[in-house]
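entry-v5.json, holding JSON, C-alpha atoms:
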[["chain", "number", "residue", "atom", "x", "y", "z"],
["A", 188, "MET", "CA", 11.13, -103.67, 62.52],
["A", 189, "ILE", "CA", 13.04, -101.97, 59.69],
["A", 190, "ASP", "CA", 12.03, -103.02, 56.20],
["A", 191, "PRO", "CA", 14.84, -105.04, 54.53],
["A", 192, "VAL", "CA", 15.04, -102.60, 51.60],
["A", 193, "ILE", "CA", 15.85, -99.81, 54.08],
["A", 194, "LEU", "CA", 18.62, -101.98, 55.53],
["A", 195, "PHE", "CA", 20.12, -102.17, 52.03],
["A", 196, "PHE", "CA", 20.22, -98.36, 51.95],
["A", 197, "ILE", "CA", 21.82, -98.19, 55.41],
["A", 198, "PHE", "CA", 24.34, -100.84, 54.34],
["A", 199, "GLY", "CA", 25.28, -98.87, 51.21],
["A", 200, "LEU", "CA", 25.53, -95.62, 53.18],
["A", 201, "SER", "CA", 27.73, -97.26, 55.82],
["A", 202, "ALA", "CA", 29.96, -98.89, 53.21],
["A", 203, "GLY", "CA", 30.38, -95.56, 51.44],
["A", 204, "LEU", "CA", 31.20, -93.67, 54.64],
["A", 205, "LEU", "CA", 33.79, -96.33, 55.48],
["A", 206, "ARG", "CA", 35.30, -95.78, 52.01],
["A", 207, "SER", "CA", 34.65, -99.30, 50.88],
["A", 208, "GLU", "CA", 35.35, -100.21, 47.26],
["A", 209, "LEU", "CA", 31.81, -101.59, 46.95],
["A", 210, "ARG", "CA", 30.07, -100.28, 43.81],
["A", 211, "LEU", "CA", 27.32, -101.48, 41.52],
["A", 212, "PRO", "CA", 28.53, -101.58, 37.91],
["A", 213, "PRO", "CA", 27.05, -98.58, 36.06],
["A", 214, "ALA", "CA", 25.23, -100.84, 33.59],
["A", 215, "ILE", "CA", 23.58, -102.75, 36.46],
["A", 216, "TYR", "CA", 22.51, -99.52, 38.17],
["A", 217, "ASP", "CA", 21.02, -98.23, 34.90],
["A", 218, "LEU", "CA", 19.13, -101.50, 34.39],
["A", 219, "VAL", "CA", 17.81, -101.45, 37.97],
["A", 220, "SER", "CA", 16.67, -97.83, 37.58],
["A", 221, "ILE", "CA", 14.92, -98.57, 34.29],
["A", 222, "MET", "CA", 13.10, -101.61, 35.68],
["A", 223, "LEU", "CA", 12.07, -99.73, 38.81],
["A", 224, "LEU", "CA", 10.59, -96.75, 36.97],
["A", 225, "LEU", "CA", 8.86, -98.89, 34.35],
["A", 226, "THR", "CA", 7.32, -101.10, 37.03],
["A", 227, "ILE", "CA", 5.97, -98.15, 39.00],
["A", 228, "GLY", "CA", 4.58, -96.66, 35.79],
["A", 229, "MET", "CA", 2.94, -99.91, 34.68],
["A", 230, "LYS", "CA", 1.35, -100.46, 38.09],
["A", 231, "GLY", "CA", -0.13, -96.99, 37.95],
["A", 232, "GLY", "CA", -1.22, -97.41, 34.32],
["A", 233, "ILE", "CA", -3.13, -100.62, 35.07],
["A", 234, "GLU", "CA", -5.15, -98.87, 37.75],
["A", 235, "LEU", "CA", -5.38, -95.58, 35.87],
["A", 236, "ALA", "CA", -7.28, -97.33, 33.08],
["A", 237, "LYS", "CA", -10.13, -97.77, 35.53],
["A", 238, "GLN", "CA", -10.37, -94.01, 36.21],
["A", 239, "PRO", "CA", -12.43, -91.51, 34.12],
["A", 240, "PHE", "CA", -10.06, -88.78, 32.93],
["A", 241, "LEU", "CA", -12.51, -85.92, 33.57],
["A", 242, "GLU", "CA", -12.69, -86.91, 37.24],
["A", 243, "LEU", "CA", -8.89, -86.82, 37.46],
["A", 244, "LEU", "CA", -8.47, -83.42, 35.80],
["A", 245, "PRO", "CA", -9.37, -81.26, 38.85],
["A", 246, "GLN", "CA", -7.04, -83.35, 41.00],
["A", 247, "MET", "CA", -4.24, -82.95, 38.46],
["A", 248, "LEU", "CA", -4.66, -79.15, 38.48],
["A", 249, "VAL", "CA", -4.54, -79.03, 42.29],
["A", 250, "VAL", "CA", -1.38, -81.17, 42.33],
["A", 251, "ILE", "CA", 0.26, -78.89, 39.75],
["A", 252, "ALA", "CA", -0.62, -75.92, 41.99],
["A", 253, "LEU", "CA", 1.05, -77.74, 44.90],
["A", 254, "GLY", "CA", 4.17, -78.15, 42.76],
["A", 255, "ILE", "CA", 4.21, -74.39, 42.17],
["A", 256, "VAL", "CA", 3.63, -73.42, 45.81],
["A", 257, "LEU", "CA", 6.34, -75.62, 47.38],
["A", 258, "PRO", "CA", 9.38, -73.95, 45.73],
["A", 259, "LEU", "CA", 7.83, -70.52, 46.38],
["A", 260, "ILE", "CA", 7.82, -71.39, 50.10],
["A", 261, "ALA", "CA", 11.32, -72.85, 50.06],
["A", 262, "PHE", "CA", 12.95, -69.94, 48.19],
["A", 263, "PRO", "CA", 12.53, -67.15, 50.79],
["A", 264, "LEU", "CA", 13.64, -69.52, 53.56],
["A", 265, "LEU", "CA", 16.84, -70.27, 51.67],
["A", 266, "ARG", "CA", 17.39, -66.72, 50.47],
["A", 267, "TYR", "CA", 16.77, -64.79, 53.68],
["A", 268, "LEU", "CA", 17.33, -67.29, 56.49],
["A", 269, "GLY", "CA", 20.02, -69.36, 54.81],
["A", 270, "ARG", "CA", 21.55, -66.30, 53.08],
["A", 271, "PHE", "CA", 22.20, -68.22, 49.85],
["A", 272, "SER", "CA", 22.66, -66.36, 46.59],
["A", 273, "ARG", "CA", 19.55, -65.92, 44.45],
["A", 274, "VAL", "CA", 20.54, -68.63, 41.95],
["A", 275, "ASP", "CA", 21.53, -71.16, 44.62],
["A", 276, "ALA", "CA", 18.35, -70.52, 46.63],
["A", 277, "ALA", "CA", 16.25, -70.93, 43.48],
["A", 278, "SER", "CA", 18.03, -74.13, 42.49],
["A", 279, "ILE", "CA", 17.63, -75.73, 45.92],
["A", 280, "ALA", "CA", 13.99, -74.59, 46.07],
["A", 281, "ALA", "CA", 13.31, -76.29, 42.71],
["A", 282, "HIS", "CA", 14.70, -79.55, 44.11],
["A", 283, "TYR", "CA", 12.30, -79.32, 47.07],
["A", 284, "GLY", "CA", 9.29, -78.53, 44.94],
["A", 285, "SER", "CA", 9.93, -81.56, 42.77],
["A", 286, "VAL", "CA", 9.83, -85.27, 43.68],
["A", 287, "SER", "CA", 12.17, -88.18, 44.34],
["A", 288, "MET", "CA", 11.46, -91.30, 42.31],
["A", 289, "GLY", "CA", 13.47, -93.34, 44.80],
["A", 290, "THR", "CA", 11.42, -92.13, 47.76],
["A", 291, "PHE", "CA", 8.21, -92.87, 45.87],
["A", 292, "ALA", "CA", 9.45, -96.39, 45.11],
["A", 293, "VAL", "CA", 10.16, -96.98, 48.81],
["A", 294, "ALA", "CA", 6.71, -95.61, 49.66],
["A", 295, "VAL", "CA", 5.09, -98.03, 47.19],
["A", 296, "ALA", "CA", 6.93, -100.92, 48.85],
["A", 297, "TYR", "CA", 5.97, -99.63, 52.32],
["A", 298, "MET", "CA", 2.27, -99.43, 51.43],
["A", 299, "SER", "CA", 2.25, -102.78, 49.64],
["A", 300, "ALA", "CA", 3.96, -104.60, 52.50],
["A", 301, "ARG", "CA", 1.30, -103.36, 54.92],
["A", 302, "GLY", "CA", -1.66, -103.82, 52.60],
["A", 303, "ILE", "CA", -2.46, -100.10, 52.69],
["A", 304, "TYR", "CA", -4.72, -98.88, 49.89],
["A", 305, "TYR", "CA", -3.85, -95.67, 48.07],
["A", 306, "GLU", "CA", -5.36, -94.03, 45.00],
["A", 307, "GLU", "CA", -4.18, -95.42, 41.67],
["A", 308, "GLN", "CA", -3.33, -92.06, 40.13],
["A", 309, "MET", "CA", -0.28, -91.44, 42.33],
["A", 310, "PRO", "CA", 2.27, -92.34, 39.59],
["A", 311, "LEU", "CA", 0.59, -89.72, 37.41],
["A", 312, "PHE", "CA", 0.98, -87.17, 40.20],
["A", 313, "VAL", "CA", 4.71, -87.92, 40.32],
["A", 314, "VAL", "CA", 4.94, -86.57, 36.78],
["A", 315, "MET", "CA", 2.61, -83.66, 37.62],
["A", 316, "LEU", "CA", 4.86, -82.57, 40.51],
["A", 317, "GLU", "CA", 8.16, -83.00, 38.66],
["A", 318, "ILE", "CA", 7.62, -80.33, 36.02],
["A", 319, "PRO", "CA", 6.20, -77.10, 37.61],
["A", 320, "ALA", "CA", 8.87, -76.87, 40.31],
["A", 321, "ILE", "CA", 11.62, -76.88, 37.69],
["A", 322, "LEU", "CA", 9.97, -74.08, 35.74],
["A", 323, "VAL", "CA", 9.35, -72.04, 38.90],
["A", 324, "GLY", "CA", 12.98, -72.49, 39.96],
["A", 325, "ILE", "CA", 14.27, -71.26, 36.61],
["A", 326, "VAL", "CA", 11.97, -68.21, 36.62],
["A", 327, "ILE", "CA", 12.97, -67.30, 40.19],
["A", 328, "ALA", "CA", 16.65, -67.60, 39.32],
["A", 329, "LYS", "CA", 16.64, -65.78, 36.00],
["A", 330, "GLY", "CA", 13.24, -64.27, 35.36],
["A", 331, "PHE", "CA", 11.76, -64.55, 31.88],
["A", 332, "SER", "CA", 15.12, -64.02, 30.26],
["A", 333, "LYS", "CA", 15.61, -64.16, 26.50],
["A", 334, "GLU", "CA", 18.80, -66.07, 27.21],
["A", 335, "THR", "CA", 16.89, -69.05, 28.64],
["A", 336, "ASN", "CA", 16.62, -71.82, 26.07],
["A", 337, "TRP", "CA", 13.09, -72.95, 26.94],
["A", 338, "ALA", "CA", 13.02, -75.53, 24.16],
["A", 339, "GLN", "CA", 16.08, -77.24, 25.59],
["A", 340, "VAL", "CA", 14.72, -77.00, 29.12],
["A", 341, "GLY", "CA", 11.39, -78.47, 28.01],
["A", 342, "HIS", "CA", 13.16, -81.31, 26.24],
["A", 343, "GLU", "CA", 15.25, -82.07, 29.33],
["A", 344, "VAL", "CA", 12.24, -81.98, 31.66],
["A", 345, "LEU", "CA", 9.66, -83.81, 29.55],
["A", 346, "LEU", "CA", 11.99, -86.26, 27.83],
["A", 347, "GLY", "CA", 14.46, -86.84, 30.64],
["A", 348, "LYS", "CA", 15.14, -90.46, 31.54],
["A", 349, "SER", "CA", 13.03, -90.68, 34.68],
["A", 350, "ILE", "CA", 9.98, -88.89, 33.27],
["A", 351, "ILE", "CA", 9.96, -90.72, 29.94],
["A", 352, "LEU", "CA", 10.24, -94.10, 31.68],
["A", 353, "MET", "CA", 7.40, -93.28, 34.06],
["A", 354, "ILE", "CA", 5.17, -92.01, 31.24],
["A", 355, "GLY", "CA", 6.10, -94.99, 29.08],
["A", 356, "GLY", "CA", 5.23, -97.40, 31.89],
["A", 357, "LEU", "CA", 1.94, -95.59, 32.51],
["A", 358, "LEU", "CA", 0.98, -95.87, 28.84],
["A", 359, "ILE", "CA", 1.98, -99.53, 28.62],
["A", 360, "GLY", "CA", -0.01, -100.41, 31.74],
["A", 361, "TRP", "CA", -2.97, -98.31, 30.60],
["A", 362, "ILE", "CA", -3.09, -99.80, 27.09],
["A", 363, "ALA", "CA", -2.22, -103.43, 27.88],
["A", 364, "GLY", "CA", -3.99, -103.95, 31.20],
["A", 365, "ALA", "CA", -3.26, -106.52, 33.89],
["A", 366, "GLU", "CA", -4.15, -109.59, 31.83],
["A", 367, "GLN", "CA", -1.86, -108.75, 28.92],
["A", 368, "LEU", "CA", 0.99, -107.89, 31.30],
["A", 369, "ALA", "CA", 0.74, -111.23, 33.12],
["A", 370, "SER", "CA", 3.46, -112.70, 30.89],
["A", 371, "ILE", "CA", 6.07, -110.20, 32.16],
["A", 372, "LYS", "CA", 4.78, -110.08, 35.74],
["A", 373, "PRO", "CA", 7.54, -112.38, 37.13],
["A", 374, "LEU", "CA", 10.28, -110.04, 35.88],
["A", 375, "PHE", "CA", 8.80, -106.66, 36.77],
["A", 376, "PHE", "CA", 6.18, -107.06, 39.50],
["A", 377, "ASP", "CA", 7.33, -110.13, 41.44],
["A", 378, "LEU", "CA", 10.94, -108.90, 41.65],
["A", 379, "PHE", "CA", 10.02, -105.31, 42.53],
["A", 380, "LYS", "CA", 11.34, -105.35, 46.10],
["A", 381, "GLY", "CA", 14.55, -107.11, 45.09],
["A", 382, "ILE", "CA", 15.15, -104.51, 42.38],
["A", 383, "LEU", "CA", 14.37, -101.74, 44.88],
["A", 384, "ALA", "CA", 16.86, -103.23, 47.35],
["A", 385, "LEU", "CA", 19.69, -103.06, 44.78],
["A", 386, "PHE", "CA", 18.66, -99.51, 43.84],
["A", 387, "LEU", "CA", 18.77, -98.39, 47.47],
["A", 388, "LEU", "CA", 22.14, -100.09, 48.00],
["A", 389, "GLU", "CA", 23.60, -97.91, 45.25],
["A", 390, "MET", "CA", 21.69, -94.85, 46.52],
["A", 391, "GLY", "CA", 23.31, -95.36, 49.91],
["A", 392, "LEU", "CA", 26.73, -95.40, 48.27],
["A", 393, "ILE", "CA", 25.92, -92.25, 46.26],
["A", 394, "THR", "CA", 24.50, -90.47, 49.33],
["A", 395, "SER", "CA", 27.71, -91.09, 51.28],
["A", 396, "LYS", "CA", 29.62, -88.95, 48.74],
["A", 397, "HIS", "CA", 27.47, -85.89, 49.52],
["A", 398, "VAL", "CA", 27.39, -86.17, 53.32],
["A", 399, "GLY", "CA", 30.87, -84.68, 53.52],
["A", 400, "SER", "CA", 29.66, -81.49, 51.82],
["A", 401, "LEU", "CA", 27.53, -80.74, 54.86],
["A", 402, "LYS", "CA", 30.65, -80.05, 56.92],
["A", 403, "LYS", "CA", 31.46, -77.17, 54.60],
["A", 404, "TYR", "CA", 28.01, -75.65, 54.25],
["A", 405, "GLY", "CA", 26.98, -75.85, 57.87],
["A", 406, "LEU", "CA", 24.02, -76.53, 60.06],
["A", 407, "PHE", "CA", 21.41, -74.67, 58.01],
["A", 408, "LEU", "CA", 21.24, -77.27, 55.21],
["A", 409, "ILE", "CA", 20.78, -80.04, 57.77],
["A", 410, "VAL", "CA", 17.93, -78.18, 59.48],
["A", 411, "PHE", "CA", 16.38, -77.21, 56.15],
["A", 412, "GLY", "CA", 16.78, -80.74, 54.75],
["A", 413, "ILE", "CA", 14.60, -82.10, 57.57],
["A", 414, "SER", "CA", 12.20, -79.24, 58.37],
["A", 415, "MET", "CA", 11.25, -78.41, 54.76],
["A", 416, "PRO", "CA", 10.06, -81.98, 54.02],
["A", 417, "MET", "CA", 8.01, -81.95, 57.21],
["A", 418, "LEU", "CA", 6.35, -78.67, 56.20],
["A", 419, "SER", "CA", 5.79, -79.93, 52.66],
["A", 420, "ALA", "CA", 4.30, -83.16, 54.01],
["A", 421, "VAL", "CA", 1.74, -81.17, 56.01],
["A", 422, "LEU", "CA", 0.74, -79.29, 52.85],
["A", 423, "GLY", "CA", 0.65, -82.52, 50.84],
["A", 424, "ALA", "CA", -1.42, -84.34, 53.45],
["A", 425, "GLY", "CA", -3.80, -81.39, 53.73],
["A", 426, "THR", "CA", -4.19, -81.33, 49.96],
["A", 427, "GLY", "CA", -4.85, -85.07, 49.87],
["A", 428, "CYS", "CA", -7.49, -84.75, 52.57],
["A", 429, "LEU", "CA", -9.20, -81.86, 50.74],
["A", 430, "LEU", "CA", -9.26, -83.94, 47.55],
["A", 431, "GLY", "CA", -11.04, -86.71, 49.44],
["A", 432, "PHE", "CA", -8.24, -89.27, 49.22],
["A", 433, "SER", "CA", -8.03, -92.29, 51.48],
["A", 434, "VAL", "CA", -5.55, -92.32, 54.36],
["A", 435, "GLY", "CA", -3.08, -94.17, 52.16],
["A", 436, "GLY", "CA", -3.56, -91.72, 49.27],
["A", 437, "THR", "CA", -3.23, -88.75, 51.61],
["A", 438, "ALA", "CA", -0.02, -90.24, 53.01],
["A", 439, "MET", "CA", 1.31, -90.89, 49.52],
["A", 440, "LEU", "CA", 0.70, -87.29, 48.43],
["A", 441, "ALA", "CA", 2.40, -86.13, 51.65],
["A", 442, "ILE", "CA", 5.39, -88.35, 50.81],
["A", 443, "LEU", "CA", 5.58, -86.98, 47.27],
["A", 444, "ALA", "CA", 5.44, -83.39, 48.56],
["A", 445, "ALA", "CA", 8.10, -84.14, 51.18],
["A", 446, "SER", "CA", 10.54, -85.75, 48.77],
["A", 447, "ALA", "CA", 13.21, -83.81, 46.93],
["A", 448, "SER", "CA", 14.46, -84.47, 43.42],
["A", 449, "TYR", "CA", 18.04, -85.57, 42.79],
["A", 450, "ILE", "CA", 17.71, -86.69, 39.14],
["A", 451, "ALA", "CA", 15.49, -84.51, 36.93],
["A", 452, "VAL", "CA", 16.03, -81.15, 38.65],
["A", 453, "PRO", "CA", 19.86, -81.28, 38.75],
["A", 454, "ALA", "CA", 19.86, -82.02, 35.01],
["A", 455, "ALA", "CA", 17.47, -79.16, 34.24],
["A", 456, "MET", "CA", 19.31, -76.69, 36.50],
["A", 457, "ARG", "CA", 22.63, -77.63, 34.90],
["A", 458, "ILE", "CA", 21.24, -76.51, 31.54],
["A", 459, "SER", "CA", 19.26, -73.43, 32.60],
["A", 460, "VAL", "CA", 21.08, -72.13, 35.69],
["A", 461, "PRO", "CA", 24.67, -73.34, 35.25],
["A", 462, "GLU", "CA", 25.96, -70.72, 37.71],
["A", 463, "ALA", "CA", 24.12, -72.45, 40.61],
["A", 464, "ASN", "CA", 26.27, -74.71, 42.79],
["A", 465, "PRO", "CA", 24.91, -78.29, 42.38],
["A", 466, "THR", "CA", 26.79, -79.50, 45.46],
["A", 467, "LEU", "CA", 24.53, -77.43, 47.71],
["A", 468, "SER", "CA", 21.34, -78.90, 46.24],
["A", 469, "LEU", "CA", 22.56, -82.50, 46.25],
["A", 470, "ALA", "CA", 24.04, -82.22, 49.74],
["A", 471, "ALA", "CA", 20.61, -81.23, 51.04],
["A", 472, "SER", "CA", 18.32, -83.40, 48.88],
["A", 473, "LEU", "CA", 20.48, -86.51, 48.66],
["A", 474, "GLY", "CA", 22.67, -86.15, 51.73],
["A", 475, "ILE", "CA", 19.91, -85.25, 54.21],
["A", 476, "THR", "CA", 16.34, -85.43, 52.89],
["A", 477, "PHE", "CA", 16.49, -88.74, 51.03],
["A", 478, "PRO", "CA", 17.91, -90.79, 53.95],
["A", 479, "PHE", "CA", 15.62, -89.00, 56.42],
["A", 480, "ASN", "CA", 12.56, -89.82, 54.32],
["A", 481, "VAL", "CA", 13.31, -93.46, 53.56],
["A", 482, "VAL", "CA", 14.44, -94.35, 57.09],
["A", 483, "ILE", "CA", 12.22, -92.18, 59.31],
["A", 484, "GLY", "CA", 9.98, -89.87, 57.28],
["A", 485, "ILE", "CA", 7.59, -92.26, 55.50],
["A", 486, "PRO", "CA", 6.10, -93.73, 58.72],
["A", 487, "ILE", "CA", 5.82, -90.20, 60.14],
["A", 488, "TYR", "CA", 3.95, -88.99, 57.06],
["A", 489, "TYR", "CA", 1.58, -91.94, 57.21],
["A", 490, "ALA", "CA", 0.84, -91.21, 60.88],
["A", 491, "MET", "CA", 0.33, -87.55, 59.90],
["A", 492, "ALA", "CA", -2.24, -88.60, 57.28],
["A", 493, "GLU", "CA", -4.08, -90.74, 59.84],
["A", 494, "TYR", "CA", -4.17, -87.83, 62.30],
["A", 495, "ILE", "CA", -5.46, -85.36, 59.70],
["A", 496, "HIS", "CA", -8.23, -87.75, 58.68],
["A", 497, "VAL", "CA", -9.27, -88.24, 62.30],
["A", 498, "PHE", "CA", -9.02, -84.52, 63.14],
["A", 499, "PHE", "CA", -11.07, -83.40, 60.14],
["A", 500, "GLY", "CA", -13.36, -86.41, 60.19],
["A", 501, "ALA", "CA", -12.46, -87.27, 56.60]]

If you convert what's in this file into structure tokens, what do you get?
Amino acid sequence: MIDPVILFFIFGLSAGLLRSELRLPPAIYDLVSIMLLLTIGMKGGIELAKQPFLELLPQMLVVIALGIVLPLIAFPLLRYLGRFSRVDAASIAAHYGSVSMGTFAVAVAYMSARGIYYEEQMPLFVVMLEIPAILVGIVIAKGFSKETNWAQVGHEVLLGKSIILMIGGLLIGWIAGAEQLASIKPLFFDLFKGILALFLLEMGLITSKHVGSLKKYGLFLIVFGISMPMLSAVLGAGTGCLLGFSVGGTAMLAILAASASYIAVPAAMRISVPEANPTLSLAASLGITFPFNVVIGIPIYYAMAEYIHVFFGA
């Protein structure tokens, strides 16, 4: 059975491909995005308060290393197999080293619906994975150039909408705790799946706009948009297993590694590498990888995590 929130995405994608006039008003989409990111952050913050920071620090460093490695793997594949220019290969690689908030939200709903436990620090790891891939992508594209406005890049990365909402939610959940947040639970927590359904409806409509780009840029982006997430998921699941995570936590880290950014990285690349073609990155990350992950990939990555735990006796 397909989760209803996935059906909303398929509905939006179908409506967009059929050139329907269906659209969510921009203000509604912004509100839905804000509520979604705050809710995920608060959920993580509530559980994060129970975790000693010094125990989390080694895990955070390993996750940051994963965020550095992923774009370094993607870049040569794009540059030498895909024959993209250096700046385009670097830009796309940065997208695939970073994370998709939408995919993470679907994963949270998937795990919750099935009662699957996963480690509470996963929202923190979303932030940890978002930043290094952007910096690696910029360095690959331009090197340590004096022309790069690192202050502006840092502001865009650290204070961008998605990151600041996630961090804000984490801090609110961490400081207030579950009891103090009970008064707003009906709005944020109880309506989470309904909010996610509206978000995915609009994401389906947005995705349909980028599918057409694949006709122009050929088969390689389609193959890369599916195979790179699978490879990244293996690395993410292996990392989760080495860190001693549960099956659910291992699967969640695999999902994060397999996702590709379509919000924070495009904004950062627009500032730092304006010569890169954003259509290529969005066609792959939003036109191929996002629908693959939310419809097919998440169950595959969970099964992968189960297999790794059985194989290694974790």

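For the residues A:Glu306, A:Glu234, A:Asp377, A:Glu462, ranking by smallest atom-to-atom distance to Ile325 of chain A using all atoms listed in the file places A:Glu462 first.
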
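Minimum atom-to-atom distance to Ile221 of chain A, evaluated using only C-alpha atoms, belongs to A:Ile351 out of A:Leu467, A:Leu422, A:Met415, A:Ile351.
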
Nearest to Ile359 of chain A, chosen from A:Leu408, A:Asp275, A:Gly436, A:Gly228, with only C-alpha atoms counted in the distances = A:Gly228

What lies within 6 Å of Ser285 of chain A using all atoms listed in the file, ignoring chain neighbours under 6 positions off, as a VMD selection string?
-> chain A and resid 316 to 317 320 447 to 448

Export C-alpha atoms of the chosen residues as a CSV table (one decimal), keeping the file's coordinate frame?
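What follows is the written file result.csv:
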chain,number,residue,atom,x,y,z
A,316,LEU,CA,4.9,-82.6,40.5
A,317,GLU,CA,8.2,-83.0,38.7
A,320,ALA,CA,8.9,-76.9,40.3
A,447,ALA,CA,13.2,-83.8,46.9
A,448,SER,CA,14.5,-84.5,43.4

Quick one: residues within 9 Å of segment 483-490 of chain A, only C-alpha atoms, excluding same-chain residues fewer than 2 positions away - as a JSON list (two decimals) with C-alpha atoms, keeping the file's coordinate frame?
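Saved file around_11.json follows:
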[["chain", "number", "residue", "atom", "x", "y", "z"],
["A", 290, "THR", "CA", 11.42, -92.13, 47.76],
["A", 293, "VAL", "CA", 10.16, -96.98, 48.81],
["A", 294, "ALA", "CA", 6.71, -95.61, 49.66],
["A", 297, "TYR", "CA", 5.97, -99.63, 52.32],
["A", 416, "PRO", "CA", 10.06, -81.98, 54.02],
["A", 417, "MET", "CA", 8.01, -81.95, 57.21],
["A", 420, "ALA", "CA", 4.30, -83.16, 54.01],
["A", 421, "VAL", "CA", 1.74, -81.17, 56.01],
["A", 424, "ALA", "CA", -1.42, -84.34, 53.45],
["A", 434, "VAL", "CA", -5.55, -92.32, 54.36],
["A", 435, "GLY", "CA", -3.08, -94.17, 52.16],
["A", 437, "THR", "CA", -3.23, -88.75, 51.61],
["A", 438, "ALA", "CA", -0.02, -90.24, 53.01],
["A", 439, "MET", "CA", 1.31, -90.89, 49.52],
["A", 441, "ALA", "CA", 2.40, -86.13, 51.65],
["A", 442, "ILE", "CA", 5.39, -88.35, 50.81],
["A", 445, "ALA", "CA", 8.10, -84.14, 51.18],
["A", 476, "THR", "CA", 16.34, -85.43, 52.89],
["A", 478, "PRO", "CA", 17.91, -90.79, 53.95],
["A", 479, "PHE", "CA", 15.62, -89.00, 56.42],
["A", 480, "ASN", "CA", 12.56, -89.82, 54.32],
["A", 481, "VAL", "CA", 13.31, -93.46, 53.56],
["A", 492, "ALA", "CA", -2.24, -88.60, 57.28],
["A", 493, "GLU", "CA", -4.08, -90.74, 59.84],
["A", 494, "TYR", "CA", -4.17, -87.83, 62.30],
["A", 495, "ILE", "CA", -5.46, -85.36, 59.70]]

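The protein and nucleic acid residues lying at most 7 Å from segment 236-250 of chain A are Phe312, Met315, Leu316, Trp361 and Leu430 of chain A, with all atoms listed in the file considered and sequence neighbours fewer than 5 positions away removed.
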
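Of the listed residues A:Val482, A:Met229, A:Ala365, A:Leu388, the one whose atoms come nearest to Ser201 of chain A is A:Leu388, with distances taken using only C-alpha atoms.
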
Counting all atoms listed in the file, find residues at most 7 Å from (10.6, -90.1, 46.9) (file frame) and give them as a compact mmCIF listing (two decimals) with C-alpha atoms, keeping the file's coordinate frame.
# COMPACT_ATOMS: atom_id res chain seq x y z
CA VAL A 286 9.83 -85.27 43.68
CA SER A 287 12.17 -88.18 44.34
CA MET A 288 11.46 -91.30 42.31
CA GLY A 289 13.47 -93.34 44.80
CA THR A 290 11.42 -92.13 47.76
CA PHE A 291 8.21 -92.87 45.87
CA ALA A 292 9.45 -96.39 45.11
CA ILE A 442 5.39 -88.35 50.81
CA LEU A 443 5.58 -86.98 47.27
CA SER A 446 10.54 -85.75 48.77
CA ALA A 447 13.21 -83.81 46.93

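Relative to atom CA of Leu268 of chain A, atom CA of Tyr283 of chain A is found at 16.1 Å.
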
Counting only C-alpha atoms, figure out which residue out of A:Val398, A:Leu383, A:Val497, A:Met456 gets nearest to Cys428 of chain A.
-> A:Val497

With all atoms listed in the file counted, which protein, DNA or RNA residues have an atom no more than 9 Å from (30.2, -103.6, 49.3) in the file frame? Please answer as a PyMOL selection string.
-> chain A and resi 198-199+202-203+207-211+388+392

Straight-line distance linking atom CA of Met309 of chain A with atom CA of Leu440 of chain A, stated in Å to one decimal = 7.4 Å

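Nearest to Ser400 of chain A of all the residues A:Pro465, A:Pro453, A:Gly381, A:Pro263 is A:Pro465, based on all atoms listed in the file.
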
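You will find atom CA of Asn464 of chain A at 15.8 Å from atom CA of Lys396 of chain A.
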
Could you pull the residues within 12 Å of Leu357 of chain A, counting all atoms listed in the file, minus those fewer than 3 positions along the same chain, as number ranges by chain?
-> A: 224-236, 307-314, 350-354, 360-364

All residues 7 Å or closer to Gly391 of chain A, all atoms listed in the file, same chain fewer than 3 positions away omitted, as a VMD selection string | chain A and resid 196 to 197 199 to 200 387 to 388 394 to 395

Just-selected residues, C-alpha atoms written as a compact mmCIF listing (two decimals), keeping the file's coordinate frame:
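Saved as part.txt:
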# COMPACT_ATOMS: atom_id res chain seq x y z
CA PHE A 196 20.22 -98.36 51.95
CA ILE A 197 21.82 -98.19 55.41
CA GLY A 199 25.28 -98.87 51.21
CA LEU A 200 25.53 -95.62 53.18
CA LEU A 387 18.77 -98.39 47.47
CA LEU A 388 22.14 -100.09 48.00
CA THR A 394 24.50 -90.47 49.33
CA SER A 395 27.71 -91.09 51.28
